[in-house]
Structures are given as C-alpha cells and as structure tokens.
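Worksheet for the structure shown next.
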Amino acid sequence: QVQLTEAGGGVVQPGGSLRLSCVASGRLFDMYTMSWYRQVPSKGRELVATMWIPNDNTNYADSVKGRFTISRDSAKNMVFLQMNSLKPEDTAVYYCNVVSYGSRQYWGQGTQVTVSS
C-alpha cells in the first residue's frame, strides 16, 4: 500500500501562483509514475501532469503546458506541482496519484485550488 498526502491548495487571484506538494509513504519501491489530476464537480478527473520515476520524463495536459511544472524530491518521496499564471478555469480539487509497476493506483485525499478575484 501507498499513502499519499497533498498540501498547498488555497485561494489565489488570476495570474498568481501556488505550489502543491504530495508526500508518499508505505510501499514505495515499485512506484512507476507520479501524477497530478484535477476534478471539478460533475466532471471526471483530468490528468494534469505525469512524471515517470525511472527517467524523470514528464508530460502535461495541453491546458497547463508552459504554466505548470511537475517535479519530485526522491529523497523525501515527494512530488510537487508548481502552478504559475493561474486562471479561473484551473479551479478544481487536485489529486496526487501513484501507479506502481504492477499497475496499482493510489490516490491522495485531494486539495482544493480556487482561482478567483
């Protein structure tokens, strides 16, 4: 099992920045990807950014490219999402996600990000 705990959400004005963090604990030796998803009411979860653990390659949703950056601290088992130039449409609950080599998925509890003037 892997436990994920997010932090860093909040309320920010359009154009502002936030940094989300996620700390992983438990069975960590076979993590394959760490990702951030987001969800708004009445919609499914949207993949925002992914980092592949073996090589640190990354991928981003088109809607956040150039504004968001995913990174990790392997020593602390943490993954981050730096969000710049935030827009009202970025408002959502953001979830940390880990997928193992055995294709097991784990989710954090989510953290609310609200972009509003």
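By convention here, the chains of the structure tokens are called A, B, ... in the order presented, each chain's residues are numbered starting at 1, and ligands are numbered starting at 1 in the order presented.
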**Q.** Test item: residues at most 9 Å from segment 68-72 of chain A, only C-alpha atoms, excluding those fewer than 3 positions along its chain, as number ranges by chain
**A.** A: 34-36, 48-51, 56, 58-60, 64-65, 75-86
Once you have the residues from the selection above, write them out as an mmCIF file, in the first residue's frame, restricted to C-alpha atoms.
```
data_model
loop_
_atom_site.group_PDB
_atom_site.id
_atom_site.type_symbol
_atom_site.label_atom_id
_atom_site.label_comp_id
_atom_site.auth_asym_id
_atom_site.auth_seq_id
_atom_site.Cartn_x
_atom_site.Cartn_y
_atom_site.Cartn_z
ATOM 1 C CA MET A 34 3.604 10.039 -10.002
ATOM 2 C CA SER A 35 0.921 12.319 -11.348
ATOM 3 C CA TRP A 36 -1.410 15.161 -10.563
ATOM 4 C CA VAL A 48 -2.715 17.402 -15.388
ATOM 5 C CA ALA A 49 0.889 16.198 -15.285
ATOM 6 C CA THR A 50 2.845 12.950 -15.015
ATOM 7 C CA MET A 51 6.393 12.118 -14.085
ATOM 8 C CA ASP A 56 12.016 11.665 -14.707
ATOM 9 C CA THR A 58 7.269 14.402 -17.810
ATOM 10 C CA ASN A 59 4.064 15.017 -19.689
ATOM 11 C CA TYR A 60 1.455 17.738 -19.351
ATOM 12 C CA VAL A 64 -1.347 23.670 -18.472
ATOM 13 C CA LYS A 65 1.748 23.407 -20.678
ATOM 14 C CA ALA A 75 14.977 11.530 -1.038
ATOM 15 C CA LYS A 76 11.794 12.778 0.639
ATOM 16 C CA ASN A 77 9.383 10.741 -1.518
ATOM 17 C CA MET A 78 7.614 13.906 -2.532
ATOM 18 C CA VAL A 79 6.144 15.209 -5.765
ATOM 19 C CA PHE A 80 5.317 18.833 -6.423
ATOM 20 C CA LEU A 81 3.189 20.814 -8.837
ATOM 21 C CA GLN A 82 4.279 24.385 -9.372
ATOM 22 C CA MET A 83 1.362 26.291 -10.859
ATOM 23 C CA ASN A 84 2.004 29.715 -12.364
ATOM 24 C CA SER A 85 -0.184 32.137 -14.295
ATOM 25 C CA LEU A 86 -3.246 30.563 -12.752
#
```
Requested in this report: Based on DSSP run over this structure's backbone, return all residues of segment 26-66 of chain A in strand (DSSP E or B), as a PyMOL selection string.
Outcome: chain A and resi 26+31-39+46-52+58-60
As a PDB file with all heavy atoms, in the first residue's frame, please: the residues near segment 102-106 of chain A (cut-off 12 Å, only C-alpha atoms, same-chain neighbours under 5 positions excluded).
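Dumped everything to part26.pdb:
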```pdb
ATOM      1  N   GLN A   1       0.835  -1.200   0.000  1.00  0.00           N
ATOM      2  CA  GLN A   1       0.000   0.000   0.000  1.00  0.00           C
ATOM      3  C   GLN A   1       0.867   1.247   0.000  1.00  0.00           C
ATOM      4  O   GLN A   1       1.979   1.252   0.527  1.00  0.00           O
ATOM      5  CB  GLN A   1      -0.889   0.022   1.246  1.00  0.00           C
ATOM      6  CG  GLN A   1      -1.956  -1.055   1.262  1.00  0.00           C
ATOM      7  CD  GLN A   1      -3.031  -0.823   0.219  1.00  0.00           C
ATOM      8  OE1 GLN A   1      -3.348   0.312  -0.113  1.00  0.00           O
ATOM      9  NE2 GLN A   1      -3.563  -1.910  -0.323  1.00  0.00           N
ATOM     10  N   VAL A   2       0.343   2.268  -0.632  1.00  0.00           N
ATOM     11  CA  VAL A   2       0.989   3.581  -0.660  1.00  0.00           C
ATOM     12  C   VAL A   2      -0.011   4.604  -0.129  1.00  0.00           C
ATOM     13  O   VAL A   2      -1.176   4.603  -0.550  1.00  0.00           O
ATOM     14  CB  VAL A   2       1.427   3.960  -2.082  1.00  0.00           C
ATOM     15  CG1 VAL A   2       1.972   5.381  -2.110  1.00  0.00           C
ATOM     16  CG2 VAL A   2       2.471   2.988  -2.615  1.00  0.00           C
ATOM     17  N   GLN A   3       0.440   5.431   0.773  1.00  0.00           N
ATOM     18  CA  GLN A   3      -0.394   6.506   1.290  1.00  0.00           C
ATOM     19  C   GLN A   3       0.127   7.829   0.743  1.00  0.00           C
ATOM     20  O   GLN A   3       1.336   8.070   0.727  1.00  0.00           O
ATOM     21  CB  GLN A   3      -0.378   6.544   2.820  1.00  0.00           C
ATOM     22  CG  GLN A   3      -1.027   5.330   3.476  1.00  0.00           C
ATOM     23  CD  GLN A   3      -0.109   4.115   3.482  1.00  0.00           C
ATOM     24  OE1 GLN A   3       1.090   4.218   3.730  1.00  0.00           O
ATOM     25  NE2 GLN A   3      -0.675   2.954   3.180  1.00  0.00           N
ATOM     26  N   LEU A   4      -0.796   8.666   0.287  1.00  0.00           N
ATOM     27  CA  LEU A   4      -0.447   9.941  -0.308  1.00  0.00           C
ATOM     28  C   LEU A   4      -1.154  11.064   0.430  1.00  0.00           C
ATOM     29  O   LEU A   4      -2.358  10.968   0.696  1.00  0.00           O
ATOM     30  CB  LEU A   4      -0.860   9.966  -1.788  1.00  0.00           C
ATOM     31  CG  LEU A   4      -0.278   8.869  -2.673  1.00  0.00           C
ATOM     32  CD1 LEU A   4      -0.923   8.905  -4.052  1.00  0.00           C
ATOM     33  CD2 LEU A   4       1.224   9.019  -2.790  1.00  0.00           C
ATOM     34  N   THR A   5      -0.414  12.111   0.734  1.00  0.00           N
ATOM     35  CA  THR A   5      -0.985  13.251   1.437  1.00  0.00           C
ATOM     36  C   THR A   5      -0.599  14.532   0.708  1.00  0.00           C
ATOM     37  O   THR A   5       0.589  14.834   0.574  1.00  0.00           O
ATOM     38  CB  THR A   5      -0.484  13.316   2.882  1.00  0.00           C
ATOM     39  OG1 THR A   5      -0.770  12.077   3.544  1.00  0.00           O
ATOM     40  CG2 THR A   5      -1.168  14.454   3.632  1.00  0.00           C
ATOM     41  N   ALA A  24       4.587  10.741  -0.204  1.00  0.00           N
ATOM     42  CA  ALA A  24       4.210   9.340  -0.306  1.00  0.00           C
ATOM     43  C   ALA A  24       4.871   8.550   0.810  1.00  0.00           C
ATOM     44  O   ALA A  24       6.019   8.778   1.159  1.00  0.00           O
ATOM     45  CB  ALA A  24       4.634   8.775  -1.659  1.00  0.00           C
ATOM     46  N   SER A  25       4.121   7.598   1.365  1.00  0.00           N
ATOM     47  CA  SER A  25       4.669   6.713   2.382  1.00  0.00           C
ATOM     48  C   SER A  25       4.141   5.305   2.144  1.00  0.00           C
ATOM     49  O   SER A  25       3.149   5.111   1.441  1.00  0.00           O
ATOM     50  CB  SER A  25       4.280   7.197   3.785  1.00  0.00           C
ATOM     51  OG  SER A  25       2.874   7.225   3.937  1.00  0.00           O
ATOM     52  N   GLY A  26       4.830   4.338   2.728  1.00  0.00           N
ATOM     53  CA  GLY A  26       4.403   2.952   2.574  1.00  0.00           C
ATOM     54  C   GLY A  26       5.278   2.200   1.587  1.00  0.00           C
ATOM     55  O   GLY A  26       6.482   2.374   1.570  1.00  0.00           O
ATOM     56  N   ARG A  27       4.650   1.417   0.724  1.00  0.00           N
ATOM     57  CA  ARG A  27       5.335   0.557  -0.247  1.00  0.00           C
ATOM     58  C   ARG A  27       5.787   1.399  -1.429  1.00  0.00           C
ATOM     59  O   ARG A  27       5.068   1.563  -2.407  1.00  0.00           O
ATOM     60  CB  ARG A  27       4.388  -0.548  -0.695  1.00  0.00           C
ATOM     61  CG  ARG A  27       4.977  -1.553  -1.677  1.00  0.00           C
ATOM     62  CD  ARG A  27       3.892  -2.484  -2.177  1.00  0.00           C
ATOM     63  NE  ARG A  27       4.350  -3.361  -3.224  1.00  0.00           N
ATOM     64  CZ  ARG A  27       4.621  -4.636  -3.030  1.00  0.00           C
ATOM     65  NH1 ARG A  27       4.465  -5.189  -1.843  1.00  0.00           N
ATOM     66  NH2 ARG A  27       5.040  -5.387  -4.044  1.00  0.00           N
ATOM     67  N   LEU A  28       6.996   1.897  -1.384  1.00  0.00           N
ATOM     68  CA  LEU A  28       7.423   2.883  -2.367  1.00  0.00           C
ATOM     69  C   LEU A  28       8.389   2.340  -3.407  1.00  0.00           C
ATOM     70  O   LEU A  28       8.681   3.019  -4.394  1.00  0.00           O
ATOM     71  CB  LEU A  28       8.070   4.079  -1.649  1.00  0.00           C
ATOM     72  CG  LEU A  28       7.207   4.786  -0.609  1.00  0.00           C
ATOM     73  CD1 LEU A  28       8.005   5.875   0.064  1.00  0.00           C
ATOM     74  CD2 LEU A  28       5.943   5.327  -1.230  1.00  0.00           C
ATOM     75  N   PHE A  29       8.880   1.132  -3.236  1.00  0.00           N
ATOM     76  CA  PHE A  29       9.988   0.683  -4.071  1.00  0.00           C
ATOM     77  C   PHE A  29       9.584   0.378  -5.496  1.00  0.00           C
ATOM     78  O   PHE A  29      10.428   0.298  -6.375  1.00  0.00           O
ATOM     79  CB  PHE A  29      10.654  -0.552  -3.460  1.00  0.00           C
ATOM     80  CG  PHE A  29       9.752  -1.740  -3.348  1.00  0.00           C
ATOM     81  CD1 PHE A  29       9.638  -2.648  -4.392  1.00  0.00           C
ATOM     82  CD2 PHE A  29       9.005  -1.962  -2.201  1.00  0.00           C
ATOM     83  CE1 PHE A  29       8.808  -3.750  -4.300  1.00  0.00           C
ATOM     84  CE2 PHE A  29       8.167  -3.045  -2.095  1.00  0.00           C
ATOM     85  CZ  PHE A  29       8.062  -3.954  -3.146  1.00  0.00           C
ATOM     86  N   ASP A  30       8.287   0.206  -5.759  1.00  0.00           N
ATOM     87  CA  ASP A  30       7.889  -0.130  -7.130  1.00  0.00           C
ATOM     88  C   ASP A  30       6.982   0.924  -7.747  1.00  0.00           C
ATOM     89  O   ASP A  30       6.152   0.626  -8.600  1.00  0.00           O
ATOM     90  CB  ASP A  30       7.214  -1.502  -7.189  1.00  0.00           C
ATOM     91  CG  ASP A  30       5.923  -1.547  -6.392  1.00  0.00           C
ATOM     92  OD1 ASP A  30       5.692  -0.635  -5.590  1.00  0.00           O
ATOM     93  OD2 ASP A  30       5.140  -2.499  -6.583  1.00  0.00           O
ATOM     94  N   MET A  31       7.185   2.175  -7.333  1.00  0.00           N
ATOM     95  CA  MET A  31       6.434   3.249  -7.967  1.00  0.00           C
ATOM     96  C   MET A  31       6.924   3.433  -9.396  1.00  0.00           C
ATOM     97  O   MET A  31       8.126   3.456  -9.653  1.00  0.00           O
ATOM     98  CB  MET A  31       6.584   4.549  -7.193  1.00  0.00           C
ATOM     99  CG  MET A  31       5.904   4.554  -5.842  1.00  0.00           C
ATOM    100  SD  MET A  31       5.771   6.224  -5.155  1.00  0.00           S
ATOM    101  CE  MET A  31       7.500   6.695  -5.056  1.00  0.00           C
ATOM    102  N   TYR A  32       5.998   3.601 -10.320  1.00  0.00           N
ATOM    103  CA  TYR A  32       6.343   3.773 -11.731  1.00  0.00           C
ATOM    104  C   TYR A  32       6.081   5.203 -12.197  1.00  0.00           C
ATOM    105  O   TYR A  32       6.904   5.787 -12.878  1.00  0.00           O
ATOM    106  CB  TYR A  32       5.550   2.784 -12.577  1.00  0.00           C
ATOM    107  CG  TYR A  32       5.852   2.850 -14.053  1.00  0.00           C
ATOM    108  CD1 TYR A  32       7.151   2.734 -14.517  1.00  0.00           C
ATOM    109  CD2 TYR A  32       4.831   3.023 -14.984  1.00  0.00           C
ATOM    110  CE1 TYR A  32       7.439   2.793 -15.872  1.00  0.00           C
ATOM    111  CE2 TYR A  32       5.107   3.078 -16.341  1.00  0.00           C
ATOM    112  CZ  TYR A  32       6.411   2.957 -16.777  1.00  0.00           C
ATOM    113  OH  TYR A  32       6.690   3.018 -18.122  1.00  0.00           O
ATOM    114  N   THR A  33       4.927   5.753 -11.860  1.00  0.00           N
ATOM    115  CA  THR A  33       4.616   7.137 -12.196  1.00  0.00           C
ATOM    116  C   THR A  33       4.031   7.860 -10.984  1.00  0.00           C
ATOM    117  O   THR A  33       3.414   7.239 -10.115  1.00  0.00           O
ATOM    118  CB  THR A  33       3.597   7.259 -13.348  1.00  0.00           C
ATOM    119  OG1 THR A  33       2.358   6.674 -12.945  1.00  0.00           O
ATOM    120  CG2 THR A  33       4.100   6.593 -14.606  1.00  0.00           C
ATOM    121  N   MET A  34       4.268   9.149 -10.955  1.00  0.00           N
ATOM    122  CA  MET A  34       3.604  10.039 -10.002  1.00  0.00           C
ATOM    123  C   MET A  34       2.939  11.128 -10.825  1.00  0.00           C
ATOM    124  O   MET A  34       3.559  11.689 -11.730  1.00  0.00           O
ATOM    125  CB  MET A  34       4.587  10.631  -8.999  1.00  0.00           C
ATOM    126  CG  MET A  34       5.303   9.591  -8.166  1.00  0.00           C
ATOM    127  SD  MET A  34       6.348  10.305  -6.872  1.00  0.00           S
ATOM    128  CE  MET A  34       5.129  10.647  -5.594  1.00  0.00           C
ATOM    129  N   SER A  35       1.696  11.406 -10.520  1.00  0.00           N
ATOM    130  CA  SER A  35       0.921  12.319 -11.348  1.00  0.00           C
ATOM    131  C   SER A  35       0.061  13.238 -10.488  1.00  0.00           C
ATOM    132  O   SER A  35      -0.188  12.963  -9.322  1.00  0.00           O
ATOM    133  CB  SER A  35      -0.008  11.547 -12.301  1.00  0.00           C
ATOM    134  OG  SER A  35       0.697  10.675 -13.135  1.00  0.00           O
ATOM    135  N   TRP A  36      -0.393  14.287 -11.131  1.00  0.00           N
ATOM    136  CA  TRP A  36      -1.410  15.161 -10.563  1.00  0.00           C
ATOM    137  C   TRP A  36      -2.620  15.139 -11.488  1.00  0.00           C
ATOM    138  O   TRP A  36      -2.492  15.268 -12.706  1.00  0.00           O
ATOM    139  CB  TRP A  36      -0.899  16.591 -10.426  1.00  0.00           C
ATOM    140  CG  TRP A  36       0.111  16.764  -9.345  1.00  0.00           C
ATOM    141  CD1 TRP A  36       1.471  16.742  -9.475  1.00  0.00           C
ATOM    142  CD2 TRP A  36      -0.153  16.987  -7.957  1.00  0.00           C
ATOM    143  NE1 TRP A  36       2.066  16.930  -8.256  1.00  0.00           N
ATOM    144  CE2 TRP A  36       1.086  17.089  -7.301  1.00  0.00           C
ATOM    145  CE3 TRP A  36      -1.323  17.112  -7.199  1.00  0.00           C
ATOM    146  CZ2 TRP A  36       1.195  17.317  -5.931  1.00  0.00           C
ATOM    147  CZ3 TRP A  36      -1.219  17.338  -5.837  1.00  0.00           C
ATOM    148  CH2 TRP A  36       0.030  17.441  -5.217  1.00  0.00           C
ATOM    149  N   TYR A  37      -3.781  14.971 -10.884  1.00  0.00           N
ATOM    150  CA  TYR A  37      -5.064  15.062 -11.564  1.00  0.00           C
ATOM    151  C   TYR A  37      -5.853  16.196 -10.926  1.00  0.00           C
ATOM    152  O   TYR A  37      -5.542  16.654  -9.830  1.00  0.00           O
ATOM    153  CB  TYR A  37      -5.872  13.768 -11.397  1.00  0.00           C
ATOM    154  CG  TYR A  37      -5.416  12.598 -12.221  1.00  0.00           C
ATOM    155  CD1 TYR A  37      -4.249  11.896 -11.901  1.00  0.00           C
ATOM    156  CD2 TYR A  37      -6.174  12.151 -13.312  1.00  0.00           C
ATOM    157  CE1 TYR A  37      -3.852  10.812 -12.658  1.00  0.00           C
ATOM    158  CE2 TYR A  37      -5.782  11.057 -14.064  1.00  0.00           C
ATOM    159  CZ  TYR A  37      -4.624  10.388 -13.720  1.00  0.00           C
ATOM    160  OH  TYR A  37      -4.242   9.301 -14.465  1.00  0.00           O
ATOM    161  N   TYR A  95      -5.571  16.142  -7.129  1.00  0.00           N
ATOM    162  CA  TYR A  95      -5.262  14.864  -6.504  1.00  0.00           C
ATOM    163  C   TYR A  95      -3.882  14.375  -6.927  1.00  0.00           C
ATOM    164  O   TYR A  95      -3.522  14.433  -8.105  1.00  0.00           O
ATOM    165  CB  TYR A  95      -6.278  13.806  -6.913  1.00  0.00           C
ATOM    166  CG  TYR A  95      -7.690  14.070  -6.425  1.00  0.00           C
ATOM    167  CD1 TYR A  95      -8.591  14.787  -7.198  1.00  0.00           C
ATOM    168  CD2 TYR A  95      -8.117  13.581  -5.190  1.00  0.00           C
ATOM    169  CE1 TYR A  95      -9.878  15.030  -6.764  1.00  0.00           C
ATOM    170  CE2 TYR A  95      -9.405  13.814  -4.747  1.00  0.00           C
ATOM    171  CZ  TYR A  95     -10.287  14.539  -5.533  1.00  0.00           C
ATOM    172  OH  TYR A  95     -11.560  14.767  -5.093  1.00  0.00           O
ATOM    173  N   CYS A  96      -3.172  13.865  -5.973  1.00  0.00           N
ATOM    174  CA  CYS A  96      -1.904  13.183  -6.232  1.00  0.00           C
ATOM    175  C   CYS A  96      -2.206  11.726  -6.543  1.00  0.00           C
ATOM    176  O   CYS A  96      -3.100  11.122  -5.920  1.00  0.00           O
ATOM    177  CB  CYS A  96      -1.036  13.304  -4.987  1.00  0.00           C
ATOM    178  SG  CYS A  96       0.591  12.545  -5.102  1.00  0.00           S
ATOM    179  N   ASN A  97      -1.470  11.165  -7.488  1.00  0.00           N
ATOM    180  CA  ASN A  97      -1.704   9.788  -7.927  1.00  0.00           C
ATOM    181  C   ASN A  97      -0.372   9.074  -8.118  1.00  0.00           C
ATOM    182  O   ASN A  97       0.583   9.661  -8.640  1.00  0.00           O
ATOM    183  CB  ASN A  97      -2.490   9.814  -9.245  1.00  0.00           C
ATOM    184  CG  ASN A  97      -2.539   8.473  -9.940  1.00  0.00           C
ATOM    185  OD1 ASN A  97      -1.614   8.101 -10.663  1.00  0.00           O
ATOM    186  ND2 ASN A  97      -3.613   7.745  -9.740  1.00  0.00           N
TER     187      ASN A  97
END
```
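The closest residue to Ser100 of chain A, picked from A:Val40, A:Gly66, A:Trp52, A:Leu47 and counting only C-alpha atoms, is A:Trp52.
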Ala7 of chain A surroundings by only C-alpha atoms, 9 Å radius, close-in-sequence under 5 positions cut, as a compact mmCIF listing (two decimals) with N, CA, C and O atoms, in the first residue's frame:
```txt
# COMPACT_ATOMS: atom_id res chain seq x y z
N ARG A 19 2.00 26.28 -5.13
CA ARG A 19 2.81 25.06 -5.23
C ARG A 19 2.16 23.97 -4.40
O ARG A 19 2.03 24.11 -3.18
N LEU A 20 1.75 22.92 -5.07
CA LEU A 20 1.17 21.77 -4.39
C LEU A 20 2.28 20.77 -4.08
O LEU A 20 3.23 20.62 -4.84
N SER A 21 2.13 20.09 -2.96
CA SER A 21 3.07 19.03 -2.61
C SER A 21 2.31 17.77 -2.24
O SER A 21 1.16 17.82 -1.80
N CYS A 22 2.98 16.65 -2.41
CA CYS A 22 2.40 15.36 -2.09
C CYS A 22 3.51 14.49 -1.53
O CYS A 22 4.55 14.31 -2.18
N VAL A 23 3.30 13.97 -0.34
CA VAL A 23 4.28 13.08 0.26
C VAL A 23 3.74 11.66 0.23
O VAL A 23 2.57 11.42 0.55
N GLY A 110 -6.95 14.77 -1.89
CA GLY A 110 -7.26 15.96 -2.69
C GLY A 110 -7.05 17.25 -1.92
O GLY A 110 -7.17 17.30 -0.69
N THR A 111 -6.73 18.30 -2.67
CA THR A 111 -6.58 19.63 -2.09
C THR A 111 -7.25 20.64 -3.02
O THR A 111 -7.07 20.58 -4.24
```
In Å, with one decimal, what is the gap from atom CA of Ser74 of chain A to atom CA of Gly108 of chain A?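 These two atoms are separated by 17.8 Å.
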Taken to one decimal, the atom CA of Glu46 of chain A-atom CA of Ser117 of chain A distance is 23.8 Å
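Computed from the coordinates, the atom CA of Gly16 of chain A to atom CA of Ser63 of chain A distance equals 16.2 Å.
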Residue with the minimum atom-to-atom distance to Val113 of chain A, picked from A:Val93, A:Ala61, A:Ile53, A:Val98 with only C-alpha atoms counted, is A:Val93
Neighbours of Ala92 of chain A within 8 Å (only C-alpha atoms; same-chain residues fewer than 2 positions away dropped), as JSON, numbers by chain?
{"A": [38, 39, 40, 90, 94, 112, 113, 114]}
Could those selected residues go to a file with N, CA, C and O atoms, as a PDB file, in the first residue's frame?
```pdb
ATOM      1  N   ARG A  38      -6.893  16.612 -11.624  1.00  0.00           N
ATOM      2  CA  ARG A  38      -7.809  17.574 -11.030  1.00  0.00           C
ATOM      3  C   ARG A  38      -9.242  17.235 -11.429  1.00  0.00           C
ATOM      4  O   ARG A  38      -9.475  16.579 -12.442  1.00  0.00           O
ATOM      5  N   GLN A  39     -10.157  17.697 -10.604  1.00  0.00           N
ATOM      6  CA  GLN A  39     -11.562  17.389 -10.847  1.00  0.00           C
ATOM      7  C   GLN A  39     -12.433  18.552 -10.411  1.00  0.00           C
ATOM      8  O   GLN A  39     -12.239  19.117  -9.329  1.00  0.00           O
ATOM      9  N   VAL A  40     -13.381  18.883 -11.265  1.00  0.00           N
ATOM     10  CA  VAL A  40     -14.413  19.863 -10.897  1.00  0.00           C
ATOM     11  C   VAL A  40     -15.729  19.106 -10.783  1.00  0.00           C
ATOM     12  O   VAL A  40     -15.877  18.008 -11.352  1.00  0.00           O
ATOM     13  N   ASP A  90      -8.597  26.894 -13.810  1.00  0.00           N
ATOM     14  CA  ASP A  90      -7.761  25.940 -13.086  1.00  0.00           C
ATOM     15  C   ASP A  90      -8.376  25.558 -11.740  1.00  0.00           C
ATOM     16  O   ASP A  90      -7.859  24.672 -11.047  1.00  0.00           O
ATOM     17  N   TYR A  94      -7.381  19.099  -6.628  1.00  0.00           N
ATOM     18  CA  TYR A  94      -6.199  18.476  -7.222  1.00  0.00           C
ATOM     19  C   TYR A  94      -5.820  17.240  -6.402  1.00  0.00           C
ATOM     20  O   TYR A  94      -5.741  17.300  -5.165  1.00  0.00           O
ATOM     21  N   GLN A 112      -8.017  21.540  -2.460  1.00  0.00           N
ATOM     22  CA  GLN A 112      -8.797  22.482  -3.253  1.00  0.00           C
ATOM     23  C   GLN A 112      -7.934  23.657  -3.700  1.00  0.00           C
ATOM     24  O   GLN A 112      -7.237  24.276  -2.881  1.00  0.00           O
ATOM     25  N   VAL A 113      -8.018  23.960  -4.988  1.00  0.00           N
ATOM     26  CA  VAL A 113      -7.396  25.156  -5.547  1.00  0.00           C
ATOM     27  C   VAL A 113      -8.505  26.021  -6.128  1.00  0.00           C
ATOM     28  O   VAL A 113      -9.288  25.550  -6.965  1.00  0.00           O
ATOM     29  N   THR A 114      -8.578  27.252  -5.686  1.00  0.00           N
ATOM     30  CA  THR A 114      -9.579  28.187  -6.179  1.00  0.00           C
ATOM     31  C   THR A 114      -8.876  29.427  -6.724  1.00  0.00           C
ATOM     32  O   THR A 114      -8.101  30.063  -6.001  1.00  0.00           O
TER      33      THR A 114
END
```
